[in-house]
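Note sheet for the following structure.
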Amino acid sequence: MLNAISVIIIPFIVGTILLYGWLKGEDIYSLFIEGAKEGLKTSIKIMPYLIAIFIAVGIFRASGAMNMMQTLFEPVNKILKIPEGILPLIIIRPISGSGALGAVKDVLEHWGPDSFQGRVASIMMGSTETIFYTISVYFGSIGVKDYRYTLKAALISYAVSIFSSILIAGIFFR
Amino acid sequence: MINTIWFLLIFLGIIYSLFSGNLQEINNAILKEAEAGVLFSINLIGIMSFWLGVMNIAEKSGILKKISRLFKIPIKMLFPGVPDNHPAQRWIIMNLISNMFGIGNGATAFGLKAMKELNSLNQNKKRASNAMCMFLVINMSSVQLVPLTVIKMRMDLGSKNPMEIIAPAFLATSVSLIVGIITVKLLEVKYRC
């Protein structure tokens, strides 16, 4: 059922838009080309920001500093009652999307997908976003240098989503 | 702040590997990740062009305007600085809808477009406007109805009920979204120019 919906959604949107444009007598082919021209420009424009982020996260991970950070945070982890095994995901989620997926996979493999940890990790992955990537790419694409309070607000919202994930998992599954 | 985080990630990485003796890993990471950044944006060109092309049809034919009207009240409340019927409203809505349905690449294309339109309303082009901060925080609270990648992963690893996380994830997202919006509204006052 769910799979069917996810398969149908993109063709449905595209089909509806094309049909509507066609019925309105628009020159849909030329409109498509006109819009598509922007794709190249935008993608190239965000390239330097992607390279900057990828390299920084790559160095941090490859050096082993990421693992060290987890050890450092272990006591904090205990105080805040964060379930065992979730910390790597919490650290990597804001900086790397693919890294976070890897972290979720580790949790699911190690504790099992139907364990409390597995559920918490799945919920977290589904309710958070790669903050640093989004902020730098979105602002970078339009040349805004001063982000003001965006990062602060995003981090607060991220912290809330971590704790609400754990709490809600507790309510649903215990 | 991004400045500091970027510096710390690289600097701590280099210092740490100096002590642990895997400096070679740093060299490999630089080469590999620089290439990954290029490939990522090159790979984006095709799908981004596709979505921007399709959405240009939606914009010019007027269907986008019709859809936007449905969300007029919440959009006006969240983005009081954006005038009615401004294209920024429509791109914001499209970005949020694609996020909801998990069309990641489409969401990026529309999101970047929304930022461009928001900047056309911005007085100081180098400084984020209130509307931009609000948009990004909402965007990052990532209201995705069905987190497919995770569900797929759970299924592959033999979960008895891979989809049981949908409702809790939606709830968790909603909580963080509401807190995010309130935080932005509070900081907006504090950071007034």
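We name chains A, B, ... following the order of the structure tokens; residues begin at 1 in each chain, and ligands are numbered from 1 as shown.
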For Ser68 (chain B), please output as a PDB file with N, CA and C atoms, in the first residue's frame all residues within 8 Å (counting only C-alpha atoms; exclusion window: fewer than 2 positions along the same chain).
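The result, written out as selection25.pdb:
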ATOM      1  N   LEU B  64       0.000  26.376  -9.861  1.00  0.00           N
ATOM      2  CA  LEU B  64       0.743  26.610  -8.630  1.00  0.00           C
ATOM      3  C   LEU B  64       0.050  27.669  -7.767  1.00  0.00           C
ATOM      4  N   LYS B  65      -0.491  28.677  -8.455  1.00  0.00           N
ATOM      5  CA  LYS B  65      -1.210  29.744  -7.748  1.00  0.00           C
ATOM      6  C   LYS B  65      -2.429  29.160  -7.043  1.00  0.00           C
ATOM      7  N   LYS B  66      -3.119  28.255  -7.760  1.00  0.00           N
ATOM      8  CA  LYS B  66      -4.322  27.656  -7.178  1.00  0.00           C
ATOM      9  C   LYS B  66      -3.993  26.851  -5.938  1.00  0.00           C
ATOM     10  N   LEU B  70      -4.682  27.494  -1.149  1.00  0.00           N
ATOM     11  CA  LEU B  70      -5.138  26.626  -0.065  1.00  0.00           C
ATOM     12  C   LEU B  70      -4.353  26.861   1.224  1.00  0.00           C
ATOM     13  N   PHE B  71      -3.108  27.326   1.073  1.00  0.00           N
ATOM     14  CA  PHE B  71      -2.238  27.463   2.251  1.00  0.00           C
ATOM     15  C   PHE B  71      -2.036  28.921   2.647  1.00  0.00           C
ATOM     16  N   LYS B  72      -2.910  29.766   2.123  1.00  0.00           N
ATOM     17  CA  LYS B  72      -2.714  31.199   2.265  1.00  0.00           C
ATOM     18  C   LYS B  72      -2.576  31.652   3.718  1.00  0.00           C
ATOM     19  N   GLN B  89       6.080  32.765  -1.904  1.00  0.00           N
ATOM     20  CA  GLN B  89       5.074  31.951  -1.211  1.00  0.00           C
ATOM     21  C   GLN B  89       4.903  30.605  -1.895  1.00  0.00           C
ATOM     22  N   ARG B  90       4.813  30.650  -3.217  1.00  0.00           N
ATOM     23  CA  ARG B  90       4.540  29.408  -3.950  1.00  0.00           C
ATOM     24  C   ARG B  90       5.716  28.439  -3.862  1.00  0.00           C
ATOM     25  N   ILE B  93       5.806  26.797  -0.441  1.00  0.00           N
ATOM     26  CA  ILE B  93       4.786  25.753  -0.334  1.00  0.00           C
ATOM     27  C   ILE B  93       5.218  24.493  -1.078  1.00  0.00           C
TER      28      ILE B  93
END
With only C-alpha atoms as the counted atoms, please give the residues lying no more than 10 Å from region 102-117 of chain B, apart from itself and same-chain residues fewer than 5 positions off, as a VMD selection string. (chain A and resid 6 9 to 10 38 to 39 42 to 43 46 134 137 to 144) or (chain B and resid 44 to 45 47 to 52 55 82 86 to 97 122 128 131 to 132 135 to 136 139 142 to 149)
Please produce a file of those selected residues containing C-alpha atoms, as a PDB file, in the first residue's frame.
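Everything below was put into out30.pdb:
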ATOM      1  CA  SER A   6       5.362   6.350  -3.001  1.00  0.00           C
ATOM      2  CA  ILE A   9       3.260  10.251  -6.218  1.00  0.00           C
ATOM      3  CA  ILE A  10       5.839  11.660  -8.653  1.00  0.00           C
ATOM      4  CA  GLU A  38      18.182  27.073 -14.208  1.00  0.00           C
ATOM      5  CA  GLY A  39      19.056  23.579 -12.977  1.00  0.00           C
ATOM      6  CA  THR A  42      21.936  26.318  -9.439  1.00  0.00           C
ATOM      7  CA  SER A  43      23.753  23.000  -9.158  1.00  0.00           C
ATOM      8  CA  ILE A  46      26.196  25.207  -4.715  1.00  0.00           C
ATOM      9  CA  THR A 134      21.020  22.769   4.454  1.00  0.00           C
ATOM     10  CA  VAL A 137      23.886  25.344   0.715  1.00  0.00           C
ATOM     11  CA  TYR A 138      20.646  27.357   0.920  1.00  0.00           C
ATOM     12  CA  PHE A 139      22.316  30.570   2.066  1.00  0.00           C
ATOM     13  CA  GLY A 140      25.327  29.950  -0.167  1.00  0.00           C
ATOM     14  CA  SER A 141      23.169  29.729  -3.283  1.00  0.00           C
ATOM     15  CA  ILE A 142      22.023  33.339  -2.854  1.00  0.00           C
ATOM     16  CA  GLY A 143      25.235  34.793  -1.390  1.00  0.00           C
ATOM     17  CA  VAL A 144      23.890  35.561   2.089  1.00  0.00           C
TER      18      VAL A 144
ATOM     19  CA  LEU B  44      22.048  17.001  -9.038  1.00  0.00           C
ATOM     20  CA  ILE B  45      21.987  18.873 -12.379  1.00  0.00           C
ATOM     21  CA  ILE B  47      16.996  15.940 -11.608  1.00  0.00           C
ATOM     22  CA  MET B  48      17.126  19.595 -10.570  1.00  0.00           C
ATOM     23  CA  SER B  49      16.610  20.704 -14.182  1.00  0.00           C
ATOM     24  CA  PHE B  50      13.729  18.271 -14.472  1.00  0.00           C
ATOM     25  CA  TRP B  51      11.900  19.605 -11.419  1.00  0.00           C
ATOM     26  CA  LEU B  52      12.568  23.238 -12.252  1.00  0.00           C
ATOM     27  CA  MET B  55       7.504  23.551 -11.962  1.00  0.00           C
ATOM     28  CA  VAL B  82       6.209  38.190   2.129  1.00  0.00           C
ATOM     29  CA  HIS B  86       4.495  36.765  -4.322  1.00  0.00           C
ATOM     30  CA  PRO B  87       6.299  33.842  -6.041  1.00  0.00           C
ATOM     31  CA  ALA B  88       8.293  33.214  -2.838  1.00  0.00           C
ATOM     32  CA  GLN B  89       5.074  31.951  -1.211  1.00  0.00           C
ATOM     33  CA  ARG B  90       4.540  29.408  -3.950  1.00  0.00           C
ATOM     34  CA  TRP B  91       8.089  28.062  -3.885  1.00  0.00           C
ATOM     35  CA  ILE B  92       8.012  27.757  -0.105  1.00  0.00           C
ATOM     36  CA  ILE B  93       4.786  25.753  -0.334  1.00  0.00           C
ATOM     37  CA  MET B  94       6.171  23.505  -3.063  1.00  0.00           C
ATOM     38  CA  ASN B  95       9.312  22.927  -1.027  1.00  0.00           C
ATOM     39  CA  LEU B  96       7.310  21.882   2.033  1.00  0.00           C
ATOM     40  CA  ILE B  97       4.997  19.640   0.012  1.00  0.00           C
ATOM     41  CA  ASN B 122      15.491  41.381   1.207  1.00  0.00           C
ATOM     42  CA  ALA B 128      19.366  36.709   6.197  1.00  0.00           C
ATOM     43  CA  ALA B 131      11.440  35.064   6.432  1.00  0.00           C
ATOM     44  CA  MET B 132      14.580  33.161   5.364  1.00  0.00           C
ATOM     45  CA  PHE B 135      11.766  29.078   6.134  1.00  0.00           C
ATOM     46  CA  LEU B 136      15.002  27.224   6.859  1.00  0.00           C
ATOM     47  CA  ASN B 139      12.374  23.139   6.257  1.00  0.00           C
ATOM     48  CA  SER B 142      11.637  17.971   7.943  1.00  0.00           C
ATOM     49  CA  VAL B 143       7.980  17.055   8.081  1.00  0.00           C
ATOM     50  CA  GLN B 144       8.171  13.884   6.036  1.00  0.00           C
ATOM     51  CA  LEU B 145       4.975  11.872   6.158  1.00  0.00           C
ATOM     52  CA  VAL B 146       6.635   8.553   5.411  1.00  0.00           C
ATOM     53  CA  PRO B 147      10.385   8.233   6.074  1.00  0.00           C
ATOM     54  CA  LEU B 148      10.867   5.650   3.343  1.00  0.00           C
ATOM     55  CA  THR B 149      14.621   5.076   3.554  1.00  0.00           C
TER      56      THR B 149
END
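Using only C-alpha atoms, the residues found no farther than 10 Å from Tyr29 (chain A), other than those of its own chain fewer than 5 positions away, are Leu18, Gly21, Trp22 and Glu34 of chain A; Gly53, Val54 and Ile57 of chain B.
In this structure, CA of Ala36 (chain A) sits 20.4 Å away from CA of Leu118 (chain B).
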